[in-house]
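Let me begin by presenting the structure, written as structure tokens, before commenting on it.
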Amino acid sequence: PLPLPGPGRSAAQRDPRGWQETLGAAVTALREGGLVAVPTDTVYGIACLAQSSRAVRKIYSLKGRNGGKPLAICLGDVEHIYRYCHVNVPEELLQDLLPGPVTLVLQRSEGLNKDLNPFTSLVGVRIPNHAFIRELAQACSGPLALTSANISTRASTLTVSEFQDLWPQLSLVIDGGAIGDIRSPECRLGSTVVDLSVSGKYTIIRPGCALTPTVEILGKKYGLTSEPSCS
């Protein structure tokens with residue numbers, strides 16, 4: 001694992017040279033088609049270039065993941081959502097939820113790799129509230145595909161040692177230290193996943209770690225109506 005200089009620190013407290021070297025190594029690994037483990041604001045994730053069909057296939061193989069289970073995309077800024085999704089909610093709503101521990105499910109646009117989740121017209125979008133992965137997404141030419149750093153059906157991971165069995169198949173592991181309290185099950189819930197693909201409505205797909213504030217914003221502030229999940 002490559003230690004992240006000053007994990008959890010503000011930009012002013014970081015080692016700028018070490019931070020940029022780590023960022024550069026991650027960008028290089030991704031552009032070469034590799035898989036990179038990264039800290040996020042919820043759990044550790046595995047990222048690749050979403051526009052690379054070969055890299056996307058690698059993620060499914062690594063996780064032993066059901067091919068019908070979609071991957072989310074990770075972006076660096078809210079304005080980038082419009083490149084890959086059809087958005088039918090106010091931009092202020094997006095800004096209220098992102099960056100943050102929320103995955104927004106939207107209608108995908110033609111700009112997204114057709115081999116990424118070809119079985120659905122929707123895509124989940126993440127902008128984690130974590131400086132490193134946001135800067136990594138900004139430094140890449142397109143969206144990242146992002147999933148949790150664990151074998152499918154196993155618990156999410158909060159330290160790099162918890163997914164040590166995956167290291168040999170990864171190009172790079174970025175060690176940002178422990179994410180939250182490793183003894184707390186609540187810290188492993190992952191992001192709150194909410195479907196905003198239907199105008200005026202929202203559907204909670206996964207409660208995750210930010211359910212209450214998300215529902216407050218969607219329902220009380222923007223007047224969206226809750227719809228039950230079909231799953």
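Identifiers for the structure tokens are assigned positionally: chains receive A, B, ... in sequence, residues are indexed from 1 per chain, and ligands are indexed from 1 in the order shown.
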Item to complete: Based on DSSP run over this structure's backbone, return all residues of stretch 69-209 of chain A in strand (DSSP E or B), as number ranges by chain.
Response: A: 72-74, 85-86, 102-108, 122-126, 144-148, 172-175, 192-195, 201-206
Item to complete: Using DSSP on the backbone, list every residue of stretch 14-202 of chain A that comes out as alpha helix (DSSP H), and give them as a VMD selection string.
Response: chain A and resid 16 to 31 53 to 63 81 to 84 91 to 97 131 to 139
Item to complete: Might you pull out every residue within 8 Å of A:Ala72, with only C-alpha atoms counted and same-chain residues fewer than 3 positions away left off, and present them as a PyMOL selection string?
Response: chain A and resi 103+123-126+145-147
Item to complete: Just the residues within 9 Å of A:Ser52, please, counting only C-alpha atoms, with nothing from its chain fewer than 3 positions along; format it as a PyMOL selection string.
Response: chain A and resi 33+48-49+55-57+113+115-116
Response to the item:
Of A:Ser152, A:Ser184, A:Thr214, A:Ser191, the one sitting nearest A:Asn66 when using only C-alpha atoms is A:Ser152
Worksheet item: Near A:Lys63, counting only C-alpha atoms, which residues have an atom at most 6 Å away, once you skip same-chain residues fewer than 2 positions from it, shown as a list in words?
Response: Tyr60, Ser61, Arg65, Ile151 and Ser152 of chain A
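Excluding A:Glu91 and any residue on its chain fewer than 6 positions from it, the residues at most 12 Å away by only C-alpha atoms are Asp77, Val78, Glu79, His80, Ile81, Tyr82, Leu97, Leu98 and Tyr222 of chain A.
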How about saving the chosen residues, N, CA and C atoms kept, as a PDB file, in the first residue's frame?
ATOM      1  N   ASP A  77     -16.785  16.690  -9.557  1.00  0.00           N
ATOM      2  CA  ASP A  77     -17.583  17.897  -9.326  1.00  0.00           C
ATOM      3  C   ASP A  77     -19.012  17.689  -9.796  1.00  0.00           C
ATOM      4  N   VAL A  78     -19.935  18.433  -9.174  1.00  0.00           N
ATOM      5  CA  VAL A  78     -21.351  18.310  -9.511  1.00  0.00           C
ATOM      6  C   VAL A  78     -21.611  18.632 -10.984  1.00  0.00           C
ATOM      7  N   GLU A  79     -20.939  19.647 -11.516  1.00  0.00           N
ATOM      8  CA  GLU A  79     -21.216  20.033 -12.902  1.00  0.00           C
ATOM      9  C   GLU A  79     -20.893  18.932 -13.903  1.00  0.00           C
ATOM     10  N   HIS A  80     -20.019  17.997 -13.527  1.00  0.00           N
ATOM     11  CA  HIS A  80     -19.671  16.904 -14.434  1.00  0.00           C
ATOM     12  C   HIS A  80     -20.805  15.885 -14.581  1.00  0.00           C
ATOM     13  N   ILE A  81     -21.760  15.900 -13.658  1.00  0.00           N
ATOM     14  CA  ILE A  81     -22.886  14.960 -13.736  1.00  0.00           C
ATOM     15  C   ILE A  81     -23.633  15.118 -15.058  1.00  0.00           C
ATOM     16  N   TYR A  82     -23.739  16.343 -15.537  1.00  0.00           N
ATOM     17  CA  TYR A  82     -24.526  16.621 -16.739  1.00  0.00           C
ATOM     18  C   TYR A  82     -23.897  16.028 -17.999  1.00  0.00           C
ATOM     19  N   LEU A  97     -26.677  17.690  -1.622  1.00  0.00           N
ATOM     20  CA  LEU A  97     -26.355  16.303  -1.285  1.00  0.00           C
ATOM     21  C   LEU A  97     -24.903  15.920  -1.585  1.00  0.00           C
ATOM     22  N   LEU A  98     -24.298  16.612  -2.529  1.00  0.00           N
ATOM     23  CA  LEU A  98     -22.963  16.248  -2.991  1.00  0.00           C
ATOM     24  C   LEU A  98     -21.999  17.428  -2.903  1.00  0.00           C
ATOM     25  N   TYR A 222     -37.280  20.100  -0.828  1.00  0.00           N
ATOM     26  CA  TYR A 222     -37.609  20.147  -2.258  1.00  0.00           C
ATOM     27  C   TYR A 222     -38.967  19.545  -2.590  1.00  0.00           C
TER      28      TYR A 222
END
Worksheet entry | Distance criterion (only C-alpha atoms): nearest to A:Leu218 out of A:Gly100, A:Cys230, A:Ala37, A:Tyr202 |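 Distance minimum relative to A:Leu218 lands on A:Tyr202.
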Worksheet item: Can you list, as a list in words, every protein, DNA or RNA residue that comes within 9 Å of A:Gly111 when you count only C-alpha atoms, leaving out same-chain residues fewer than 3 positions away?
Response: Arg83, Tyr84, Cys85, Arg108 and Lys114 of chain A
